[in-house]
>>> print(open('protein-v6.cif').read())   # mmCIF, C-alpha atoms
data_final
#
loop_
_atom_site.label_atom_id
_atom_site.label_comp_id
_atom_site.auth_asym_id
_atom_site.auth_seq_id
_atom_site.Cartn_x
_atom_site.Cartn_y
_atom_site.Cartn_z
CA MET A 1 -27.40 -11.41 35.30
CA MET A 2 -24.83 -9.45 37.29
CA ARG A 3 -23.63 -7.00 34.57
CA VAL A 4 -20.52 -6.24 36.64
CA CYS A 5 -17.81 -7.71 34.41
CA HIS A 6 -16.29 -4.26 33.87
CA LEU A 7 -16.00 -3.65 37.63
CA ASP A 8 -13.69 -6.60 38.39
CA THR A 9 -16.19 -7.88 40.97
CA CYS A 10 -17.34 -11.12 39.28
CA PRO A 11 -18.96 -13.16 42.08
CA VAL A 12 -18.14 -16.51 40.39
CA GLY A 13 -14.54 -15.63 39.57
CA VAL A 14 -14.76 -15.67 35.76
CA ALA A 15 -14.37 -12.06 34.56
CA THR A 16 -11.65 -11.00 37.01
CA GLN A 17 -7.95 -11.13 37.76
CA ASN A 18 -8.51 -10.54 41.50
CA PRO A 19 -6.98 -13.55 43.33
CA ALA A 20 -9.65 -13.47 46.03
CA LEU A 21 -12.43 -13.62 43.46
CA ARG A 22 -10.69 -16.14 41.21
CA GLU A 23 -10.73 -18.59 44.14
CA LYS A 24 -14.51 -18.70 43.75
CA PHE A 25 -14.20 -20.22 40.27
CA SER A 26 -14.90 -23.97 40.46
CA GLY A 27 -14.36 -24.85 36.79
CA LYS A 28 -11.50 -26.95 35.44
CA ALA A 29 -10.01 -27.25 31.96
CA ASP A 30 -10.79 -30.98 32.04
CA TYR A 31 -14.49 -30.17 32.13
CA VAL A 32 -14.23 -28.30 28.83
CA VAL A 33 -12.23 -31.13 27.25
CA ASN A 34 -14.83 -33.65 28.39
CA PHE A 35 -17.68 -31.53 27.01
CA PHE A 36 -16.09 -31.24 23.59
CA GLU A 37 -15.37 -34.97 23.50
CA PHE A 38 -19.09 -35.58 23.90
CA ILE A 39 -19.79 -33.11 21.07
CA ALA A 40 -17.22 -34.83 18.83
CA GLN A 41 -18.79 -38.22 19.54
CA GLU A 42 -22.26 -36.96 18.62
CA VAL A 43 -20.93 -35.38 15.41
CA ARG A 44 -19.36 -38.72 14.45
CA GLU A 45 -22.70 -40.47 15.00
CA TYR A 46 -24.53 -37.99 12.76
CA LEU A 47 -21.89 -38.26 10.04
CA ALA A 48 -22.00 -42.05 10.14
CA ALA A 49 -25.78 -42.04 9.80
CA LEU A 50 -25.43 -39.87 6.69
CA GLY A 51 -22.67 -42.04 5.23
CA PHE A 52 -19.79 -39.58 5.64
CA ARG A 53 -16.36 -40.11 7.17
CA SER A 54 -15.61 -36.43 7.89
CA ILE A 55 -17.19 -33.00 8.05
CA ALA A 56 -15.27 -32.04 4.90
CA GLU A 57 -17.11 -34.77 2.99
CA ALA A 58 -20.48 -33.49 4.23
CA VAL A 59 -19.94 -29.85 3.26
CA GLY A 60 -22.23 -28.72 0.44
CA HIS A 61 -24.68 -31.63 0.53
CA ALA A 62 -27.72 -29.49 1.23
CA GLU A 63 -29.96 -32.20 -0.25
CA LEU A 64 -29.44 -34.19 2.97
CA LEU A 65 -30.75 -31.46 5.23
CA ASP A 66 -34.11 -32.17 6.85
CA THR A 67 -35.77 -28.79 6.38
CA ARG A 68 -39.42 -29.71 6.79
CA ASP A 69 -39.87 -28.30 10.29
CA ALA A 70 -38.26 -25.04 9.28
CA VAL A 71 -40.07 -24.65 5.97
CA ASP A 72 -43.44 -25.60 7.43
CA HIS A 73 -43.07 -23.27 10.40
CA TRP A 74 -45.60 -20.42 10.41
CA LYS A 75 -42.83 -17.82 10.54
CA ALA A 76 -41.54 -19.06 7.18
CA GLU A 77 -44.94 -18.96 5.51
CA GLY A 78 -44.67 -17.38 2.07
CA LEU A 79 -40.88 -17.67 1.89
CA ASP A 80 -39.20 -19.50 -0.96
CA LEU A 81 -36.16 -21.11 0.62
CA SER A 82 -35.26 -23.31 -2.34
CA PRO A 83 -32.37 -21.05 -3.52
CA ILE A 84 -30.70 -21.51 -0.14
CA PHE A 85 -30.86 -25.30 -0.40
CA GLU A 86 -30.00 -25.50 -4.10
CA VAL A 87 -27.17 -27.96 -4.78
CA PRO A 88 -25.05 -26.82 -7.75
CA ASP A 89 -23.87 -29.21 -10.43
CA ILE A 90 -20.11 -29.59 -10.16
CA GLU A 91 -17.55 -31.89 -11.69
CA PRO A 92 -17.11 -35.28 -9.98
CA GLY A 93 -14.37 -35.04 -7.37
CA ALA A 94 -14.44 -31.25 -7.29
CA ALA A 95 -14.09 -29.77 -3.81
CA ARG A 96 -17.22 -28.55 -2.08
CA HIS A 97 -15.28 -26.77 0.65
CA GLN A 98 -12.44 -24.27 0.84
CA VAL A 99 -9.19 -25.65 -0.51
CA VAL A 100 -7.49 -22.39 -1.60
CA GLU A 101 -6.39 -19.83 0.99
CA GLN A 102 -7.90 -16.38 0.57
CA ASP A 103 -5.54 -13.59 -0.41
CA HIS A 104 -6.37 -10.72 1.94
CA GLY A 105 -4.02 -8.34 0.15
CA LEU A 106 -1.97 -7.62 3.26
CA ASP A 107 1.22 -7.53 1.23
CA SER A 108 0.02 -4.30 -0.38
CA ALA A 109 -1.39 -2.74 2.80
CA LEU A 110 -0.29 0.80 3.64
CA ASP A 111 0.88 -0.42 7.03
CA ASN A 112 3.83 -2.18 5.45
CA THR A 113 5.13 1.26 4.47
CA LEU A 114 4.39 2.63 7.93
CA ILE A 115 6.30 -0.20 9.57
CA GLN A 116 9.34 0.44 7.38
CA LEU A 117 9.31 4.20 7.98
CA ALA A 118 8.81 3.78 11.74
CA GLU A 119 11.59 1.23 12.13
CA GLY A 120 13.60 3.50 14.45
CA ALA A 121 10.70 3.84 16.87
CA LEU A 122 9.84 0.16 16.77
CA ARG A 123 13.46 -0.90 17.33
CA SER A 124 14.74 1.66 19.86
CA GLY A 125 11.87 3.98 20.77
CA ASP A 126 13.11 6.95 18.73
CA ARG A 127 10.51 9.58 17.86
CA VAL A 128 9.26 9.41 14.29
CA THR A 129 7.08 11.93 12.41
CA LEU A 130 5.55 11.01 9.06
CA ASP A 131 3.35 12.79 6.52
CA LEU A 132 1.47 10.58 4.05
CA PRO A 133 -1.64 10.51 1.84
CA VAL A 134 -4.45 8.05 2.54
CA ARG A 135 -7.32 6.72 0.41
CA ASN A 136 -10.55 4.93 1.22
CA VAL A 137 -9.07 1.65 -0.04
CA ASN A 138 -6.59 1.82 2.85
CA ARG A 139 -8.46 -0.03 5.58
CA THR A 140 -7.41 -0.65 9.20
CA VAL A 141 -4.57 1.84 8.80
CA GLY A 142 -2.25 1.60 11.80
CA THR A 143 -3.35 -1.85 12.99
CA MET A 144 -0.38 -3.82 11.68
CA LEU A 145 1.93 -1.03 12.85
CA GLY A 146 0.36 -1.26 16.30
CA HIS A 147 0.91 -5.02 16.30
CA GLU A 148 4.62 -4.55 15.64
CA LEU A 149 4.87 -1.96 18.40
CA THR A 150 3.12 -4.19 20.94
CA LYS A 151 5.19 -7.20 19.90
CA GLN A 152 8.37 -5.22 20.59
CA TRP A 153 7.37 -3.12 23.60
CA GLY A 154 4.55 -5.03 25.25
CA GLY A 155 1.20 -3.84 26.51
CA GLU A 156 2.63 -0.65 28.02
CA GLY A 157 3.52 0.63 24.58
CA LEU A 158 5.66 3.73 24.14
CA PRO A 159 5.33 7.36 25.31
CA ASP A 160 2.56 9.34 23.61
CA ASP A 161 3.38 10.66 20.12
CA THR A 162 6.50 8.50 19.72
CA ILE A 163 5.15 7.61 16.29
CA ASP A 164 3.26 10.65 15.02
CA ILE A 165 1.71 10.19 11.57
CA ARG A 166 -0.18 12.89 9.67
CA PHE A 167 -2.48 11.64 6.93
CA THR A 168 -4.29 13.65 4.28
CA GLY A 169 -7.31 12.30 2.41
CA THR A 170 -10.21 9.94 3.07
CA ALA A 171 -9.42 6.93 5.22
CA GLY A 172 -11.03 3.54 4.65
CA GLN A 173 -12.89 1.55 7.29
CA ALA A 174 -11.45 1.00 10.75
CA PHE A 175 -8.83 3.76 10.57
CA GLY A 176 -6.65 3.39 13.67
CA ALA A 177 -8.21 0.11 14.81
CA PHE A 178 -6.56 -1.33 17.96
CA VAL A 179 -3.80 1.30 17.92
CA PRO A 180 -1.74 1.08 21.15
CA LYS A 181 -0.11 3.73 23.29
CA GLY A 182 2.74 5.50 21.53
CA ILE A 183 1.04 5.93 18.15
CA THR A 184 -0.78 9.11 17.14
CA LEU A 185 -2.71 9.21 13.87
CA ARG A 186 -3.76 12.66 12.66
CA LEU A 187 -6.15 12.64 9.71
CA THR A 188 -6.88 15.81 7.77
CA GLY A 189 -9.89 14.83 5.70
CA ASP A 190 -12.55 12.36 6.79
CA GLY A 191 -12.96 8.77 7.86
CA ASN A 192 -15.28 5.85 7.20
CA ASP A 193 -16.98 3.57 9.76
CA TYR A 194 -15.17 2.12 12.78
CA VAL A 195 -12.54 4.81 13.26
CA GLY A 196 -10.68 3.87 16.44
CA LYS A 197 -12.27 0.44 16.75
CA GLY A 198 -10.70 -1.29 19.75
CA LEU A 199 -8.44 1.71 20.38
CA SER A 200 -5.91 0.49 22.95
CA GLY A 201 -4.07 3.54 24.21
CA GLY A 202 -3.19 5.42 21.04
CA ARG A 203 -4.44 8.81 19.91
CA ILE A 204 -6.56 9.62 16.84
CA VAL A 205 -7.36 13.12 15.60
CA VAL A 206 -9.68 13.77 12.66
CA ARG A 207 -10.34 17.23 11.27
CA PRO A 208 -11.33 18.78 7.93
CA PRO A 209 -8.76 20.63 5.81
CA GLU A 210 -8.34 24.31 6.65
CA SER A 211 -9.26 25.11 3.07
CA ALA A 212 -12.57 23.24 3.25
CA PRO A 213 -15.47 25.70 2.66
CA ILE A 214 -17.68 24.12 5.34
CA VAL A 215 -18.74 24.72 8.92
CA ALA A 216 -17.07 21.69 10.48
CA GLU A 217 -19.55 21.20 13.32
CA ASP A 218 -22.44 20.96 10.83
CA HIS A 219 -20.90 18.20 8.72
CA ILE A 220 -20.02 14.52 9.07
CA ILE A 221 -16.32 13.89 9.67
CA ALA A 222 -16.51 10.12 10.20
CA GLY A 223 -19.00 7.26 9.88
CA ASN A 224 -20.79 4.87 12.21
CA VAL A 225 -19.58 2.91 15.23
CA ILE A 226 -16.61 5.14 15.98
CA GLY A 227 -14.56 4.03 19.00
CA TYR A 228 -16.28 0.65 19.17
CA GLY A 229 -14.87 -1.42 22.02
CA ALA A 230 -12.08 1.03 22.80
CA THR A 231 -10.14 0.17 25.96
CA GLY A 232 -7.91 3.24 26.23
CA GLY A 233 -6.46 6.22 24.40
CA GLU A 234 -8.00 9.38 22.97
CA LEU A 235 -10.24 10.35 20.05
CA PHE A 236 -10.71 13.95 18.94
CA LEU A 237 -13.11 14.50 16.02
CA ARG A 238 -13.87 17.98 14.69
CA GLY A 239 -17.32 17.44 13.24
CA LYS A 240 -20.25 15.06 13.57
CA VAL A 241 -20.24 11.27 13.34
CA GLY A 242 -22.86 8.63 12.62
CA GLU A 243 -24.70 6.12 14.76
CA ARG A 244 -23.51 4.05 17.71
CA PHE A 245 -20.65 6.30 18.74
CA CYS A 246 -18.42 4.68 21.39
CA VAL A 247 -20.46 1.50 21.67
CA ARG A 248 -18.85 -0.69 24.37
CA ASN A 249 -16.16 1.90 25.07
CA SER A 250 -14.48 0.81 28.28
CA GLY A 251 -11.64 3.26 28.79
CA ALA A 252 -11.04 5.84 26.07
CA LEU A 253 -11.62 9.59 26.08
CA ALA A 254 -13.60 10.68 23.03
CA VAL A 255 -14.60 14.23 22.04
CA VAL A 256 -16.94 14.87 19.11
CA GLU A 257 -19.22 17.64 17.87
CA GLY A 258 -22.44 15.66 17.34
CA VAL A 259 -23.54 12.02 17.15
CA GLY A 260 -26.32 9.98 15.55
CA ASP A 261 -28.64 7.47 17.20
CA HIS A 262 -27.60 5.06 19.98
CA GLY A 263 -24.57 7.04 21.16
CA CYS A 264 -22.66 5.50 24.11
CA GLU A 265 -24.64 2.27 23.75
CA TYR A 266 -23.46 -0.43 26.19
CA MET A 267 -20.58 1.76 27.32
CA THR A 268 -18.80 0.38 30.40
CA GLY A 269 -16.02 2.92 31.02
CA GLY A 270 -14.09 5.91 29.73
CA ARG A 271 -15.35 9.44 29.07
CA VAL A 272 -17.26 10.92 26.18
CA VAL A 273 -17.78 14.63 25.47
CA VAL A 274 -20.39 15.58 22.89
CA LEU A 275 -20.15 19.24 21.84
CA GLY A 276 -23.35 19.10 19.83
CA SER A 277 -26.59 17.20 19.33
CA THR A 278 -27.28 13.51 19.92
CA GLY A 279 -29.63 11.17 18.11
CA ARG A 280 -32.29 8.95 19.66
CA ASN A 281 -31.68 6.31 22.32
CA PHE A 282 -28.56 7.91 23.77
CA ALA A 283 -26.95 5.90 26.61
CA ALA A 284 -28.97 2.71 26.01
CA GLY A 285 -27.47 -0.06 28.12
CA MET A 286 -24.77 2.27 29.41
CA SER A 287 -23.48 0.66 32.62
CA GLY A 288 -20.19 2.52 33.13
CA GLY A 289 -18.16 5.56 32.18
CA VAL A 290 -19.41 9.13 31.99
CA ALA A 291 -20.73 11.29 29.16
CA TYR A 292 -20.91 15.10 29.09
CA VAL A 293 -23.30 16.51 26.51
CA LEU A 294 -23.75 20.12 25.45
CA ASP A 295 -27.37 21.34 25.27
CA LEU A 296 -28.72 17.82 25.75
CA ASP A 297 -32.19 16.99 24.47
CA GLN A 298 -33.33 14.83 27.39
CA GLY A 299 -36.10 13.31 25.30
CA ARG A 300 -33.45 11.50 23.24
CA VAL A 301 -31.87 9.78 26.24
CA ASN A 302 -32.66 6.18 27.21
CA GLY A 303 -33.00 6.68 30.94
CA GLU A 304 -33.31 3.03 31.93
CA MET A 305 -29.78 2.78 33.32
CA VAL A 306 -28.57 6.38 33.64
CA ASP A 307 -29.29 9.57 35.55
CA LEU A 308 -28.91 13.10 34.19
CA GLU A 309 -26.99 15.34 36.54
CA GLY A 310 -25.25 18.68 36.86
CA LEU A 311 -21.49 18.98 37.10
CA ASP A 312 -19.46 18.83 40.32
CA GLU A 313 -15.97 20.27 40.78
CA ASP A 314 -14.24 17.13 39.52
CA ASP A 315 -16.46 17.06 36.44
CA VAL A 316 -15.64 20.69 35.64
CA GLU A 317 -11.92 19.97 35.82
CA VAL A 318 -12.19 16.86 33.64
CA LEU A 319 -14.46 18.55 31.11
CA LEU A 320 -12.30 21.69 30.84
CA GLU A 321 -9.20 19.62 30.15
CA ALA A 322 -11.02 17.59 27.49
CA VAL A 323 -12.37 20.67 25.68
CA GLU A 324 -8.95 22.38 25.84
CA ARG A 325 -7.32 19.26 24.39
CA HIS A 326 -9.94 19.12 21.66
CA TYR A 327 -9.23 22.73 20.70
CA THR A 328 -5.47 22.18 20.75
CA GLU A 329 -5.69 19.06 18.58
CA THR A 330 -8.37 20.15 16.08
CA ASP A 331 -8.57 23.98 16.23
CA SER A 332 -12.31 23.47 16.81
CA ALA A 333 -14.46 26.60 16.50
CA VAL A 334 -17.00 25.08 18.91
CA ALA A 335 -14.37 24.42 21.56
CA HIS A 336 -12.91 27.90 21.06
CA ALA A 337 -16.30 29.55 21.58
CA LEU A 338 -16.94 27.54 24.76
CA LEU A 339 -13.52 28.29 26.21
CA THR A 340 -13.84 31.99 25.48
CA ASP A 341 -16.76 32.21 27.93
CA TRP A 342 -16.32 29.05 29.97
CA GLU A 343 -18.37 30.06 33.01
CA THR A 344 -21.38 30.76 30.81
CA ALA A 345 -20.88 27.51 28.90
CA LEU A 346 -20.73 25.22 31.95
CA PRO A 347 -24.48 25.24 32.79
CA ARG A 348 -25.20 24.08 29.24
CA PHE A 349 -23.54 20.70 29.92
CA THR A 350 -25.37 17.68 31.30
CA LYS A 351 -23.62 14.76 32.91
CA VAL A 352 -24.95 11.34 31.87
CA MET A 353 -24.13 8.94 34.71
CA PRO A 354 -24.94 5.22 34.95
CA LYS A 355 -26.86 4.52 38.15
CA ASP A 356 -25.11 1.31 39.20
CA TYR A 357 -21.70 2.69 38.26
CA LYS A 358 -22.28 5.72 40.46
CA ARG A 359 -23.29 3.51 43.38
CA VAL A 360 -20.14 1.41 43.00
CA LEU A 361 -17.91 4.51 42.78
CA GLN A 362 -19.50 5.89 45.93
CA ALA A 363 -18.98 2.58 47.73
CA ARG A 364 -15.34 2.49 46.67
CA ALA A 365 -14.74 6.04 47.88
CA ALA A 366 -16.44 5.35 51.22
CA ALA A 367 -14.43 2.17 51.76
CA GLU A 368 -11.15 3.94 51.03
CA ARG A 369 -12.12 6.77 53.35
CA ASP A 370 -13.10 4.41 56.19
CA GLY A 371 -10.23 1.98 55.71
CA ARG A 372 -12.53 -0.94 54.80
CA ASP A 373 -11.95 -3.67 52.21
CA VAL A 374 -12.65 -2.05 48.85
CA ASN A 375 -13.58 -5.29 47.06
CA GLU A 376 -16.13 -6.24 49.70
CA ALA A 377 -17.66 -2.77 49.55
CA ILE A 378 -17.93 -2.94 45.75
CA MET A 379 -19.51 -6.39 45.90
CA GLU A 380 -22.10 -5.13 48.37
CA ALA A 381 -22.88 -2.16 46.16
CA ALA A 382 -23.09 -4.30 43.02
CA HIS A 383 -25.58 -6.62 44.73
CA GLY A 384 -27.57 -3.80 46.28
#
>>> encode(input="protein-v6.cif", output="structure tokens")
Amino acid sequence: MMRVCHLDTCPVGVATQNPALREKFSGKADYVVNFFEFIAQEVREYLAALGFRSIAEAVGHAELLDTRDAVDHWKAEGLDLSPIFEVPDIEPGAARHQVVEQDHGLDSALDNTLIQLAEGALRSGDRVTLDLPVRNVNRTVGTMLGHELTKQWGGEGLPDDTIDIRFTGTAGQAFGAFVPKGITLRLTGDGNDYVGKGLSGGRIVVRPPESAPIVAEDHIIAGNVIGYGATGGELFLRGKVGERFCVRNSGALAVVEGVGDHGCEYMTGGRVVVLGSTGRNFAAGMSGGVAYVLDLDQGRVNGEMVDLEGLDEDDVEVLLEAVERHYTETDSAVAHALLTDWETALPRFTKVMPKDYKRVLQARAAAERDGRDVNEAIMEAAHG
């Protein structure tokens, strides 16, 4: 397994847009069509053997399942699987499969209001500032708004903060999911799981109310799996978050004041700054991107794919900018204390760097310096 999809160096031309690499791909659409025709033929044969004309007719007839091998298997010993295979008594002719479309309640979603209020920005790119309450029943806030923005302005989005929305309250799951460039969501309160899921260039800021009688860095500000699969944009969270922070992040900057277990799991790009403690198994499967952690407990790091390093000049510049931005956006007491005595704070940071990613970056830099083909150099490094 190559594990280089995020580097645009796919040796068989699948996970790449590089014309030179795409030439290596030998597949054709006709092959996929042919494969599925074989599957369809086999499905027809099974249905005919069971006496059905379509899959819809077969749905729900659990009594026709041959479960002996599964039930008799030693792994299933002691399990009572009969409830799973129970066939309910229903009226003759009643449907055994879905015939009524599910109402997802999108007509009452908060985003409909956001889209109306941000009409000027969506239509002509005018700056819009909004101030609204939010509740935990409001899920995926900003996602439909982001869809409208992308539909109108394309993947490039709009300039940062074109649509600047300030929310107060507790946001439901997936606050700011897939938000594109041009949208900034500022939440004063707290968030549930999946804040910033699939973040695609937008900006999300979460902070407690100024009146809250808590020490922000000691309390949870958002749930689990924050920044999952983010491809770009920025996350600033004043407080701690739960497990699996920035899993599969591939391009976003995220600053937080403490994370639970499995932070930066399977990360392939972007930057993460943790101004506090981490849980167990930090950086497991991390093949790209960089993390900077304050006062890192090295015993909690999964070192299989990463090295722990000090900071170079470029790291110091990147880290300083990130901490300054975090302070500006959230008024963080932790960031303020670090910036007040920055030179003393710097040695407390550890850089978490994926080994293969570092080798590829070094190969790229050397090729650019020597005037060699960058793609060839990266391929050599990836295979080294």
>>> resolve_selection(input="protein-v6.cif", expression="the PyMOL selection byres ((chain A and resi 272) around 6)", output="list in words")
Leu253, Ala254, Val255, Arg271, Val273 and Ala291 of chain A
>>> atom_distance(input="protein-v6.cif", atom1="atom CA of A:Tyr31", atom2="atom CA of A:Ala49")
27.7 Å
>>> closest_residue(input="protein-v6.cif", among="A:Met267, A:Ala95, A:Leu308, A:Val360", to="A:Val59", atoms="all atoms listed in the file")
A:Ala95
>>> atom_distance(input="protein-v6.cif", atom1="atom CA of A:Pro180", atom2="atom CA of A:Leu158")
8.4 Å
>>> closest_atom_pairs(input="protein-v6.cif", of="stretch 56-152 of chain A", to="stretch 202-205 of chain A", cutoff="12 Å", atoms="only C-alpha atoms", output="JSON lines")
{"residue": "A:Val141", "atom": "CA", "partner": "A:Ile204", "partner_atom": "CA", "distance": 11.4}
{"residue": "A:Gly142", "atom": "CA", "partner": "A:Gly202", "partner_atom": "CA", "distance": 10.0}
{"residue": "A:Thr143", "atom": "CA", "partner": "A:Gly202", "partner_atom": "CA", "distance": 10.8}
{"residue": "A:Leu145", "atom": "CA", "partner": "A:Gly202", "partner_atom": "CA", "distance": 11.6}
{"residue": "A:Gly146", "atom": "CA", "partner": "A:Gly202", "partner_atom": "CA", "distance": 8.9}
{"residue": "A:Leu149", "atom": "CA", "partner": "A:Gly202", "partner_atom": "CA", "distance": 11.2}
{"residue": "A:Thr150", "atom": "CA", "partner": "A:Gly202", "partner_atom": "CA", "distance": 11.5}
>>> resolve_selection(input="protein-v6.cif", expression="the PyMOL selection byres ((chain A and resi 261) around 8)", output="list of chain:residue names")
A:Gly242, A:Glu243, A:Arg244, A:Val259, A:Gly260, A:His262, A:Gly263, A:Thr278, A:Gly279, A:Arg280, A:Asn281, A:Phe282
>>> atom_distance(input="protein-v6.cif", atom1="atom CA of A:Gly201", atom2="atom CA of A:Gln17")
20.3 Å
>>> residues_around(input="protein-v6.cif", residues="A:Val215", least_positions_apart="2", cutoff="12 Å", atoms="all atoms listed in the file", output="mmCIF file with C-alpha atoms, in the coordinates of the input")
data_model
loop_
_atom_site.group_PDB
_atom_site.id
_atom_site.type_symbol
_atom_site.label_atom_id
_atom_site.label_comp_id
_atom_site.auth_asym_id
_atom_site.auth_seq_id
_atom_site.Cartn_x
_atom_site.Cartn_y
_atom_site.Cartn_z
ATOM 1 C CA ARG A 207 -10.340 17.230 11.270
ATOM 2 C CA PRO A 208 -11.330 18.780 7.930
ATOM 3 C CA PRO A 209 -8.760 20.630 5.810
ATOM 4 C CA GLU A 210 -8.340 24.310 6.650
ATOM 5 C CA SER A 211 -9.260 25.110 3.070
ATOM 6 C CA ALA A 212 -12.570 23.240 3.250
ATOM 7 C CA PRO A 213 -15.470 25.700 2.660
ATOM 8 C CA GLU A 217 -19.550 21.200 13.320
ATOM 9 C CA ASP A 218 -22.440 20.960 10.830
ATOM 10 C CA HIS A 219 -20.900 18.200 8.720
ATOM 11 C CA ILE A 220 -20.020 14.520 9.070
ATOM 12 C CA ILE A 221 -16.320 13.890 9.670
ATOM 13 C CA ARG A 238 -13.870 17.980 14.690
ATOM 14 C CA GLY A 239 -17.320 17.440 13.240
ATOM 15 C CA LYS A 240 -20.250 15.060 13.570
ATOM 16 C CA GLU A 257 -19.220 17.640 17.870
ATOM 17 C CA SER A 332 -12.310 23.470 16.810
ATOM 18 C CA ALA A 333 -14.460 26.600 16.500
ATOM 19 C CA VAL A 334 -17.000 25.080 18.910
#
>>> resolve_selection(input="protein-v6.cif", expression="the PyMOL selection byres ((chain A and resi 298-305) around 6)", output="ChimeraX atom specification")
/A:280-284,296-297,306,354-355
>>> decode(input="protein-v6.cif", residues="stretch 209-226 of chain A", atoms="N, CA and C atoms", output="short mmCIF file (atom, residue, chain, number, x, y, z; two decimals), in the first residue's frame")
data_model
loop_
_atom_site.label_atom_id
_atom_site.label_comp_id
_atom_site.auth_asym_id
_atom_site.auth_seq_id
_atom_site.Cartn_x
_atom_site.Cartn_y
_atom_site.Cartn_z
N PRO A 209 -18.89 32.44 26.70
CA PRO A 209 -19.31 33.82 26.96
C PRO A 209 -18.36 34.49 27.95
N GLU A 210 -18.19 35.79 27.81
CA GLU A 210 -17.32 36.53 28.74
C GLU A 210 -17.83 36.45 30.16
N SER A 211 -19.13 36.27 30.31
CA SER A 211 -19.71 36.22 31.65
C SER A 211 -19.62 34.84 32.29
N ALA A 212 -19.14 33.84 31.53
CA ALA A 212 -19.10 32.49 32.07
C ALA A 212 -18.09 32.40 33.21
N PRO A 213 -18.49 31.87 34.38
CA PRO A 213 -17.60 31.81 35.54
C PRO A 213 -16.70 30.57 35.51
N ILE A 214 -15.99 30.37 34.40
CA ILE A 214 -15.14 29.20 34.25
C ILE A 214 -13.76 29.61 33.75
N VAL A 215 -12.80 28.74 33.95
CA VAL A 215 -11.49 28.88 33.32
C VAL A 215 -11.57 28.13 32.00
N ALA A 216 -11.61 28.86 30.90
CA ALA A 216 -11.95 28.28 29.60
C ALA A 216 -11.06 27.10 29.24
N GLU A 217 -9.76 27.21 29.50
CA GLU A 217 -8.83 26.16 29.09
C GLU A 217 -8.97 24.87 29.89
N ASP A 218 -9.76 24.90 30.95
CA ASP A 218 -9.99 23.70 31.77
C ASP A 218 -11.32 23.03 31.45
N HIS A 219 -12.07 23.56 30.52
CA HIS A 219 -13.41 23.04 30.24
C HIS A 219 -13.59 22.71 28.76
N ILE A 220 -14.55 21.81 28.51
CA ILE A 220 -14.85 21.38 27.15
C ILE A 220 -15.67 22.45 26.43
N ILE A 221 -15.22 22.83 25.25
CA ILE A 221 -15.92 23.83 24.46
C ILE A 221 -16.66 23.21 23.27
N ALA A 222 -16.23 22.01 22.89
CA ALA A 222 -16.87 21.30 21.77
C ALA A 222 -16.62 19.81 21.93
N GLY A 223 -17.36 18.98 21.17
CA GLY A 223 -17.35 17.54 21.37
C GLY A 223 -16.26 16.79 20.65
N ASN A 224 -16.61 15.61 20.15
CA ASN A 224 -15.65 14.72 19.50
C ASN A 224 -15.57 14.97 18.00
N VAL A 225 -14.50 14.51 17.41
CA VAL A 225 -14.29 14.49 15.96
C VAL A 225 -14.43 15.88 15.35
N ILE A 226 -13.83 16.85 16.00
CA ILE A 226 -13.86 18.23 15.48
C ILE A 226 -12.90 18.33 14.28
#
